[in-house]
Structure formats: C-alpha cells, structure tokens
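Visitor: Take a look at work38.txt, compact mmCIF, C-alpha atoms:
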# COMPACT_ATOMS: atom_id res chain seq x y z
CA MET A 29 -63.55 -59.61 -86.36
CA ALA A 30 -59.89 -59.44 -85.32
CA GLU A 31 -57.15 -60.07 -87.87
CA GLY A 32 -56.15 -63.73 -87.88
CA CYS A 33 -59.35 -64.81 -86.11
CA ASN A 34 -59.75 -68.59 -85.74
CA HIS A 35 -63.46 -68.26 -84.86
CA ASP A 36 -62.89 -69.82 -81.42
CA CYS A 37 -64.46 -67.27 -79.07
CA SER A 38 -63.62 -69.34 -75.99
CA SER A 39 -59.95 -68.42 -76.31
CA CYS A 40 -60.38 -64.78 -77.30
CA GLY A 41 -61.09 -61.58 -75.42
CA GLU A 42 -62.09 -59.42 -78.39
CA ALA A 43 -65.60 -57.94 -78.30
CA CYS A 44 -66.15 -58.31 -82.05
CA SER A 45 -69.31 -58.63 -84.13
CA GLU A 46 -68.93 -62.40 -84.50
CA ARG A 47 -69.05 -62.84 -80.73
CA ALA A 48 -72.21 -60.72 -80.58
CA GLU A 49 -73.82 -62.85 -83.28
CA GLN A 50 -73.08 -66.03 -81.33
CA GLY A 51 -74.83 -64.61 -78.29
CA SER A 52 -73.92 -64.69 -74.63
CA MET A 53 -71.37 -67.26 -73.43
CA LEU A 54 -72.67 -67.13 -69.85
CA VAL A 55 -73.30 -70.51 -68.25
CA ASP A 56 -76.30 -71.24 -66.04
CA GLY A 57 -75.72 -71.28 -62.31
CA ASN A 58 -76.94 -73.96 -59.94
CA ALA A 59 -80.73 -74.26 -59.87
CA LEU A 60 -80.68 -74.01 -56.06
CA SER A 61 -78.54 -70.88 -56.04
CA ASN A 62 -79.53 -67.23 -56.19
CA VAL A 63 -76.44 -65.02 -56.44
CA LYS A 64 -77.31 -61.33 -56.76
CA LYS A 65 -73.89 -59.74 -57.32
CA VAL A 66 -70.66 -61.31 -58.57
CA ILE A 67 -67.50 -59.30 -57.86
CA ALA A 68 -64.19 -60.52 -59.28
CA VAL A 69 -61.06 -59.55 -57.34
CA VAL A 70 -58.06 -59.42 -59.66
CA SER A 71 -54.40 -58.50 -59.68
CA GLY A 72 -51.82 -58.11 -62.41
CA LYS A 73 -49.23 -60.14 -60.49
CA GLY A 74 -49.02 -62.40 -57.48
CA GLY A 75 -48.00 -61.42 -53.98
CA VAL A 76 -49.94 -58.16 -53.68
CA GLY A 77 -52.58 -59.41 -51.24
CA LYS A 78 -55.45 -60.22 -53.57
CA SER A 79 -56.72 -63.17 -51.52
CA LEU A 80 -56.43 -61.11 -48.34
CA VAL A 81 -58.54 -58.33 -49.84
CA THR A 82 -61.06 -60.88 -51.16
CA SER A 83 -61.43 -62.41 -47.70
CA LEU A 84 -61.68 -59.09 -45.86
CA MET A 85 -64.29 -57.76 -48.30
CA ALA A 86 -66.42 -60.87 -47.76
CA VAL A 87 -66.05 -60.49 -43.99
CA LEU A 88 -66.88 -56.77 -44.13
CA MET A 89 -70.02 -57.26 -46.21
CA GLN A 90 -71.11 -60.14 -43.96
CA ARG A 91 -70.74 -57.83 -40.96
CA ARG A 92 -73.03 -55.38 -42.74
CA GLY A 93 -75.78 -57.96 -42.81
CA LYS A 94 -75.20 -59.28 -46.33
CA LYS A 95 -75.01 -62.95 -47.25
CA THR A 96 -71.58 -63.42 -48.79
CA ALA A 97 -69.59 -66.15 -50.48
CA VAL A 98 -66.11 -66.64 -51.90
CA LEU A 99 -65.43 -68.70 -55.02
CA ASP A 100 -61.71 -69.48 -55.04
CA ALA A 101 -60.80 -69.41 -58.73
CA ASP A 102 -57.06 -69.52 -58.01
CA VAL A 103 -57.03 -73.29 -58.50
CA THR A 104 -53.26 -73.83 -58.54
CA GLY A 105 -52.59 -71.47 -55.63
CA PRO A 106 -55.68 -71.54 -53.40
CA SER A 107 -55.38 -69.27 -50.33
CA ILE A 108 -58.99 -68.80 -49.24
CA PRO A 109 -59.24 -71.90 -46.97
CA LYS A 110 -56.08 -70.82 -45.14
CA MET A 111 -57.41 -67.26 -44.67
CA PHE A 112 -60.47 -68.61 -42.85
CA GLY A 113 -58.76 -71.52 -41.12
CA LYS A 114 -60.96 -74.10 -42.83
CA THR A 115 -59.70 -77.60 -43.59
CA ASP A 116 -63.08 -79.29 -44.08
CA ARG A 117 -63.89 -81.51 -47.04
CA ALA A 118 -66.79 -80.29 -49.19
CA MET A 119 -69.78 -82.64 -49.13
CA ALA A 120 -72.00 -83.51 -52.09
CA ASN A 121 -75.19 -85.35 -52.95
CA ASP A 122 -77.58 -85.56 -55.90
CA MET A 123 -78.36 -81.84 -55.58
CA GLY A 124 -74.74 -80.76 -56.01
CA ILE A 125 -71.66 -79.79 -54.03
CA PHE A 126 -72.15 -77.92 -50.77
CA PRO A 127 -69.81 -75.07 -49.85
CA VAL A 128 -67.89 -74.98 -46.59
CA GLU A 129 -69.25 -72.36 -44.18
CA THR A 130 -67.24 -70.19 -41.81
CA GLU A 131 -68.25 -69.37 -38.26
CA SER A 132 -70.06 -66.21 -39.37
CA GLY A 133 -71.82 -67.95 -42.26
CA ILE A 134 -69.63 -66.99 -45.22
CA LYS A 135 -69.82 -69.75 -47.85
CA LEU A 136 -66.54 -70.90 -49.40
CA MET A 137 -65.59 -73.16 -52.28
CA SER A 138 -62.00 -73.99 -53.16
CA VAL A 139 -60.23 -76.87 -54.81
CA ASN A 140 -58.52 -77.52 -51.46
CA PHE A 141 -61.87 -78.68 -50.09
CA LEU A 142 -61.88 -81.44 -52.71
CA LEU A 143 -58.30 -82.69 -52.36
CA GLU A 144 -57.02 -85.38 -50.00
CA SER A 145 -54.55 -82.90 -48.52
CA GLU A 146 -54.23 -79.12 -48.69
CA THR A 147 -50.60 -79.58 -49.78
CA THR A 148 -51.50 -81.79 -52.77
CA PRO A 149 -50.35 -79.92 -55.90
CA VAL A 150 -52.78 -79.31 -58.74
CA LEU A 151 -50.98 -80.47 -61.89
CA TRP A 152 -53.64 -79.66 -64.46
CA ARG A 153 -53.51 -77.82 -67.75
CA GLY A 154 -55.38 -74.57 -68.39
CA PRO A 155 -58.61 -75.97 -69.91
CA VAL A 156 -59.08 -78.39 -67.00
CA ILE A 157 -58.52 -75.62 -64.45
CA SER A 158 -60.98 -73.36 -66.25
CA GLY A 159 -63.51 -76.20 -66.22
CA VAL A 160 -63.17 -76.52 -62.44
CA VAL A 161 -64.00 -72.84 -62.01
CA THR A 162 -67.09 -73.20 -64.20
CA GLN A 163 -68.10 -76.28 -62.20
CA PHE A 164 -67.88 -74.28 -58.97
CA TRP A 165 -70.45 -71.88 -60.46
CA GLN A 166 -72.74 -74.54 -61.91
CA ASP A 167 -72.58 -77.44 -59.44
CA VAL A 168 -72.14 -75.78 -56.04
CA VAL A 169 -75.36 -75.22 -54.08
CA TRP A 170 -74.69 -71.64 -52.99
CA GLY A 171 -78.23 -70.82 -51.87
CA ASP A 172 -79.17 -67.14 -51.47
CA ILE A 173 -76.11 -64.91 -51.78
CA ASP A 174 -76.02 -61.11 -51.87
CA TYR A 175 -72.34 -60.79 -52.83
CA MET A 176 -70.10 -63.48 -54.26
CA PHE A 177 -66.42 -62.56 -54.39
CA VAL A 178 -64.34 -64.48 -56.94
CA ASP A 179 -60.69 -64.71 -55.94
CA MET A 180 -58.96 -64.76 -59.31
CA PRO A 181 -55.47 -66.02 -60.13
CA PRO A 182 -53.04 -63.22 -61.02
CA GLY A 183 -52.63 -62.08 -64.60
CA THR A 184 -54.84 -62.24 -67.67
CA GLY A 185 -54.75 -65.93 -68.59
CA ASP A 186 -57.24 -68.76 -69.10
CA VAL A 187 -59.10 -68.55 -65.79
CA PRO A 188 -59.79 -64.79 -65.81
CA LEU A 189 -61.00 -65.11 -69.37
CA THR A 190 -63.27 -68.02 -68.40
CA VAL A 191 -64.70 -66.12 -65.42
CA PHE A 192 -65.36 -62.97 -67.43
CA GLN A 193 -67.04 -64.92 -70.23
CA SER A 194 -68.93 -67.55 -68.24
CA LEU A 195 -70.02 -65.89 -64.99
CA PRO A 196 -72.34 -62.84 -64.74
CA VAL A 197 -69.61 -60.60 -63.31
CA ASP A 198 -71.01 -57.23 -62.17
CA GLY A 199 -67.59 -55.64 -61.80
CA ILE A 200 -64.02 -56.10 -60.68
CA ILE A 201 -61.88 -54.81 -57.84
CA VAL A 202 -58.20 -54.50 -58.73
CA VAL A 203 -55.59 -55.12 -56.02
CA THR A 204 -52.14 -53.65 -56.41
CA SER A 205 -49.11 -52.39 -54.51
CA PRO A 206 -47.23 -49.08 -54.91
CA GLN A 207 -44.31 -50.20 -57.10
CA GLU A 208 -44.15 -48.48 -60.49
CA LEU A 209 -43.78 -51.83 -62.30
CA VAL A 210 -46.96 -53.09 -60.66
CA GLY A 211 -48.77 -49.98 -61.89
CA MET A 212 -48.00 -50.99 -65.47
CA ILE A 213 -49.25 -54.53 -64.82
CA VAL A 214 -52.42 -53.17 -63.21
CA GLU A 215 -53.22 -51.33 -66.42
CA LYS A 216 -53.10 -54.66 -68.26
CA ALA A 217 -55.79 -56.02 -65.93
CA VAL A 218 -57.87 -52.86 -66.30
CA ASN A 219 -57.55 -52.96 -70.07
CA MET A 220 -58.63 -56.62 -70.11
CA ALA A 221 -61.75 -55.71 -68.17
CA ASP A 222 -62.45 -52.93 -70.64
CA MET A 223 -62.12 -55.37 -73.54
CA MET A 224 -64.62 -57.69 -71.83
CA ASN A 225 -67.02 -54.79 -71.13
CA ILE A 226 -66.84 -55.34 -67.37
CA PRO A 227 -66.63 -52.23 -65.17
CA VAL A 228 -63.71 -51.68 -62.83
CA LEU A 229 -65.43 -50.73 -59.58
CA GLY A 230 -62.40 -49.82 -57.50
CA ILE A 231 -58.70 -50.20 -56.81
CA VAL A 232 -57.20 -51.37 -53.53
CA GLU A 233 -53.56 -50.49 -53.00
CA ASN A 234 -52.19 -52.92 -50.45
CA MET A 235 -48.99 -52.24 -48.46
CA SER A 236 -49.48 -48.59 -49.37
CA TYR A 237 -47.66 -47.16 -46.36
CA PHE A 238 -46.38 -47.90 -42.88
CA GLU A 239 -47.51 -45.71 -40.02
CA CYS A 240 -45.05 -45.41 -37.16
CA PRO A 241 -46.80 -46.43 -33.93
CA ASP A 242 -44.67 -43.96 -31.94
CA CYS A 243 -44.79 -40.72 -33.92
CA GLY A 244 -47.65 -41.42 -36.33
CA LYS A 245 -45.57 -40.49 -39.38
CA ARG A 246 -46.30 -42.37 -42.59
CA HIS A 247 -43.47 -44.00 -44.53
CA ASN A 248 -43.83 -45.17 -48.14
CA ILE A 249 -41.84 -48.39 -47.82
CA PHE A 250 -42.46 -49.52 -51.41
CA GLY A 251 -42.27 -46.10 -53.04
CA GLU A 252 -44.63 -43.30 -53.84
CA SER A 253 -48.14 -44.28 -54.87
CA ASN A 254 -49.43 -43.49 -58.36
CA ILE A 255 -52.81 -45.14 -57.84
CA GLU A 256 -54.69 -41.86 -58.19
CA GLU A 257 -53.23 -41.34 -61.66
CA ILE A 258 -54.23 -44.82 -62.80
CA ALA A 259 -57.73 -44.42 -61.33
CA ALA A 260 -58.22 -41.04 -63.00
CA LYS A 261 -56.98 -42.37 -66.34
CA HIS A 262 -59.61 -45.12 -66.31
CA ASN A 263 -62.41 -43.17 -64.57
CA ILE A 264 -62.32 -45.41 -61.48
CA GLY A 265 -64.01 -43.61 -58.62
CA THR A 266 -63.24 -45.70 -55.52
CA ILE A 267 -59.75 -46.13 -54.05
CA SER A 268 -58.67 -47.78 -50.81
CA LYS A 269 -55.11 -47.63 -49.49
CA LEU A 270 -54.24 -50.32 -46.96
CA PRO A 271 -51.39 -49.88 -44.48
CA ILE A 272 -48.62 -52.34 -43.71
CA LYS A 273 -49.73 -53.89 -40.41
CA PRO A 274 -47.95 -57.04 -39.18
CA GLU A 275 -51.02 -58.16 -37.24
CA ILE A 276 -53.04 -58.40 -40.48
CA ALA A 277 -50.54 -60.84 -41.99
CA ALA A 278 -50.41 -62.75 -38.70
CA ASN A 279 -54.20 -63.10 -38.64
CA ALA A 280 -54.20 -64.37 -42.22
CA ASP A 281 -51.56 -66.98 -41.37
CA LYS A 282 -53.62 -68.10 -38.38
CA GLY A 283 -56.87 -68.32 -40.37
CA LEU A 284 -58.42 -65.39 -38.51
CA ALA A 285 -59.74 -63.33 -41.40
CA GLU A 286 -63.08 -63.00 -39.65
CA GLY A 287 -61.37 -61.31 -36.69
CA THR A 288 -59.62 -58.69 -38.83
CA LYS A 289 -60.94 -55.17 -39.30
CA LEU A 290 -59.64 -52.55 -41.71
CA ALA A 291 -61.52 -49.26 -41.79
CA GLN A 292 -59.69 -48.37 -45.00
CA LEU A 293 -61.92 -50.86 -46.87
CA ASP A 294 -65.15 -49.13 -45.83
CA PRO A 295 -65.27 -46.95 -49.00
CA MET A 296 -65.09 -50.12 -51.11
CA ALA A 297 -67.98 -51.65 -49.13
CA ASP A 298 -70.00 -48.43 -49.45
CA MET A 299 -69.47 -48.55 -53.20
CA LEU A 300 -70.67 -52.17 -53.41
CA GLU A 301 -73.81 -51.38 -51.41
CA GLY A 302 -74.49 -48.61 -53.91
CA LEU A 303 -74.78 -51.22 -56.67
CA GLU A 304 -78.03 -52.54 -55.15
As a first step, turn the structure in this file into structure tokens.
Guide:
Amino acid sequence: MAEGCNHDCSSCGEACSERAEQGSMLVDGNALSNVKKVIAVVSGKGGVGKSLVTSLMAVLMQRRGKKTAVLDADVTGPSIPKMFGKTDRAMANDMGIFPVETESGIKLMSVNFLLESETTPVLWRGPVISGVVTQFWQDVVWGDIDYMFVDMPPGTGDVPLTVFQSLPVDGIIVVTSPQELVGMIVEKAVNMADMMNIPVLGIVENMSYFECPDCGKRHNIFGESNIEEIAAKHNIGTISKLPIKPEIAANADKGLAEGTKLAQLDPMADMLEGLE
C-alpha cells in the first residue's frame, strides 16, 4: 500500500497488495462484441501524430486481412472521424450503439458521432469523460474484431488510467517526435505503463526526418533522434521512424487515411501479428 493511500483504487496507478486483494477492475465488454486484441496508442504530449499513427495502423492491419476498429478515447480532442472523413451520426437500438464503418470496413466510435456538430466543444469534467470511454467499450456493438486500436488523449491523466484499468489492454504503442524534451515525456508514459503492468510493444517516432526528393539526403529537422536509447532502456524491441511527408498530412486533412501507405509502419504491424 502506498504512503497516504485513500483506498480509492479508481484514482490510483499503484500496483499494490490492496489492489490485488480487490481483484480485477476490468469491465465487461458488449455481449455482442468479440475483441481479440486491444492496443492503446499513447503519447506523452499532444501534436506528435498519435491519431495519425492510430489511423494508419488500423488501415494497415485491415489491409492485411484483419478486422480492425478504432475507439477514440480522446474525448475532448477527437481526431479519428476527421482522419477517415466520416461525419455520420452513430445509430443505436435496444442492443446498443453501432459504430460508424469506413469504406474498407474499419469500425469507428468517437464522441463526434454523438454530437449535433463536430465543432461542438465537450465541456465535461474528468470522471464524466472517463465514463464515456468505458461506455464505448461496454455499450458499442463492435462485433468480431481482431485488433482494436484505442486512440488515447496525451499525457497520463484520468482517461489513460481508466483505459488501463477497465479495458483488457494487451499492450501500448508510444508515439513521439525527436525533440529531447519529448523523450523525457515519453519516459513518463512508458513508466506509467510499467506501473500498470501493461507491456510497451513499440515506439513510433513521427516526423523523424525529411528526405530530400532531389538528392535523397536525410535531414533531421527536429534534431537528432534518441529513440533507440529510450527503447533499449525499457527493453522495447520494435521501432518505426516515420518521415516528414507533406502528402501524409494533406491526406489526413482530407479524410483519406485509407488511401495512405507508409512502409515504415510494417515492422509495427509484423509485431502485432506476432501477438496472435
């Protein structure tokens, strides 16, 4: 038991004996859903491309013949509908809420599918937001899913804690960028996963370099990468470095995630298939 413990495990990340005695805090999923693997995509700070990586990983695994889904847990800053160009309203009946499907069959659930307008702000406090994320797991009729990617909000606050405690997360993928400050923040996310006994499966370094289209030379626009050092320190075996490519950002803005291909993510997909 941690010093100063208030015996409220729902607001604590410590893996102490009292938590073990209380048993698992996992919540049951929807009775009509069968989700085989849950992969949380996290970042220590915003603006590093976490939602982009989440979307592209779902697209890549779908291309490989897997049934994929994205649960948008970034309730106050949802980006997943925009990435796929979806503005539909989610439908519901007595069985539950039905996810919005993309053209290739990826199933999506985001708070934007429940709001009157995609620009309506979500002015809710932490416990309410965490409850929405849990509801997405319990009340959405996902059906048969091989890989569900959970797009997490940045940082180590209420929602990541809720996801790690309530959903059967098989592992996390950390998204970062090359700046030294970000490297320190990444370690916070990795250490949180360690505290929650959830394996870090891989690290994706976005905006890692720019490759000149004329001479082919690589330029480290945001500084030298130290991702290998962080990965080695935490025994993380899979690393993907994504280049700066204006067309990728343009596709995301246009809702064309399903038309984007990045060979640099193949090692991450290979690693996920190895979990089966």
Visitor: Within 10 Å of (-64.8, -77.5, -60.4) (coordinates as in the file), grab all the protein and nucleic acid residues, counting all atoms listed in the file, and write them out as a list of chain:residue names.
Guide: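 Residues found, by chain and rising number: A:Ala101, A:Val103, A:Ile125, A:Met137, A:Ser138, A:Val139, A:Leu142, A:Val156, A:Ile157, A:Ser158, A:Gly159, A:Val160, A:Val161, A:Thr162, A:Gln163, A:Phe164, A:Trp165, A:Gln166, A:Asp167, A:Val168.
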Visitor: Using only C-alpha atoms, can you list as JSON, numbers by chain the residues within 12 Å of (-58.0, -61.3, -41.2)?
Guide: {"A": [77, 79, 80, 81, 82, 83, 84, 85, 86, 87, 88, 108, 110, 111, 112, 113, 273, 274, 275, 276, 277, 278, 279, 280, 281, 282, 283, 284, 285, 286, 287, 288, 289, 290]}
Visitor: Between A:Glu215, A:Asp122, A:Asp298, A:Asp56, which has the minimum distance to Thr266 in chain A (counting only C-alpha atoms)?
Guide: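 The answer is A:Asp298, which sits nearest to Thr266 in chain A.
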Visitor: For a quick check of understanding, using all atoms listed in the file, which of A:Gln292, A:Thr104, A:Ser253, A:Thr96 has the smallest distance to Ser132 in chain A?
Guide: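 Looking only at the distances to Ser132 in chain A, the closest residue turns out to be A:Thr96.
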Visitor: Go through A:Leu229, A:Val187, A:Val169, A:Ile249 and flag the residue nearest Pro295 in chain A, using all atoms listed in the file for the distances.
Guide: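 Between A:Leu229, A:Val187, A:Val169, A:Ile249, the residue approaching Pro295 in chain A most closely is A:Leu229.
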Visitor: Could you jot down the CA of Met296 in chain A to CA of Ala260 in chain A separation for me, Å, one decimal place?
Guide: 16.5 Å
Visitor: Counting all atoms listed in the file, which of A:Gly171, A:Pro155, A:Gly93, A:Gly75 gets nearest to Asn58 in chain A?
Guide: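 Ranked by minimum distance to Asn58 in chain A, first place goes to A:Gly171.
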Visitor: Measuring between all atoms listed in the file, which one of A:Asp242, A:Glu144, A:Asp222, A:Asp179 shows the shortest distance to Val98 in chain A?
Guide: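 Smallest distance to Val98 in chain A is found for A:Asp179.
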Visitor: Find the distance between CA of Tyr175 in chain A and CA of Met53 in chain A and write it in Å to one decimal.
Guide: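 We find that CA of Tyr175 in chain A and CA of Met53 in chain A lie 21.6 Å from each other.
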Visitor: Taking only C-alpha atoms into account, which of A:Ser194, A:Gln207, A:Gln90, A:Ser71 comes nearest Thr130 in chain A?
Guide: A:Gln90
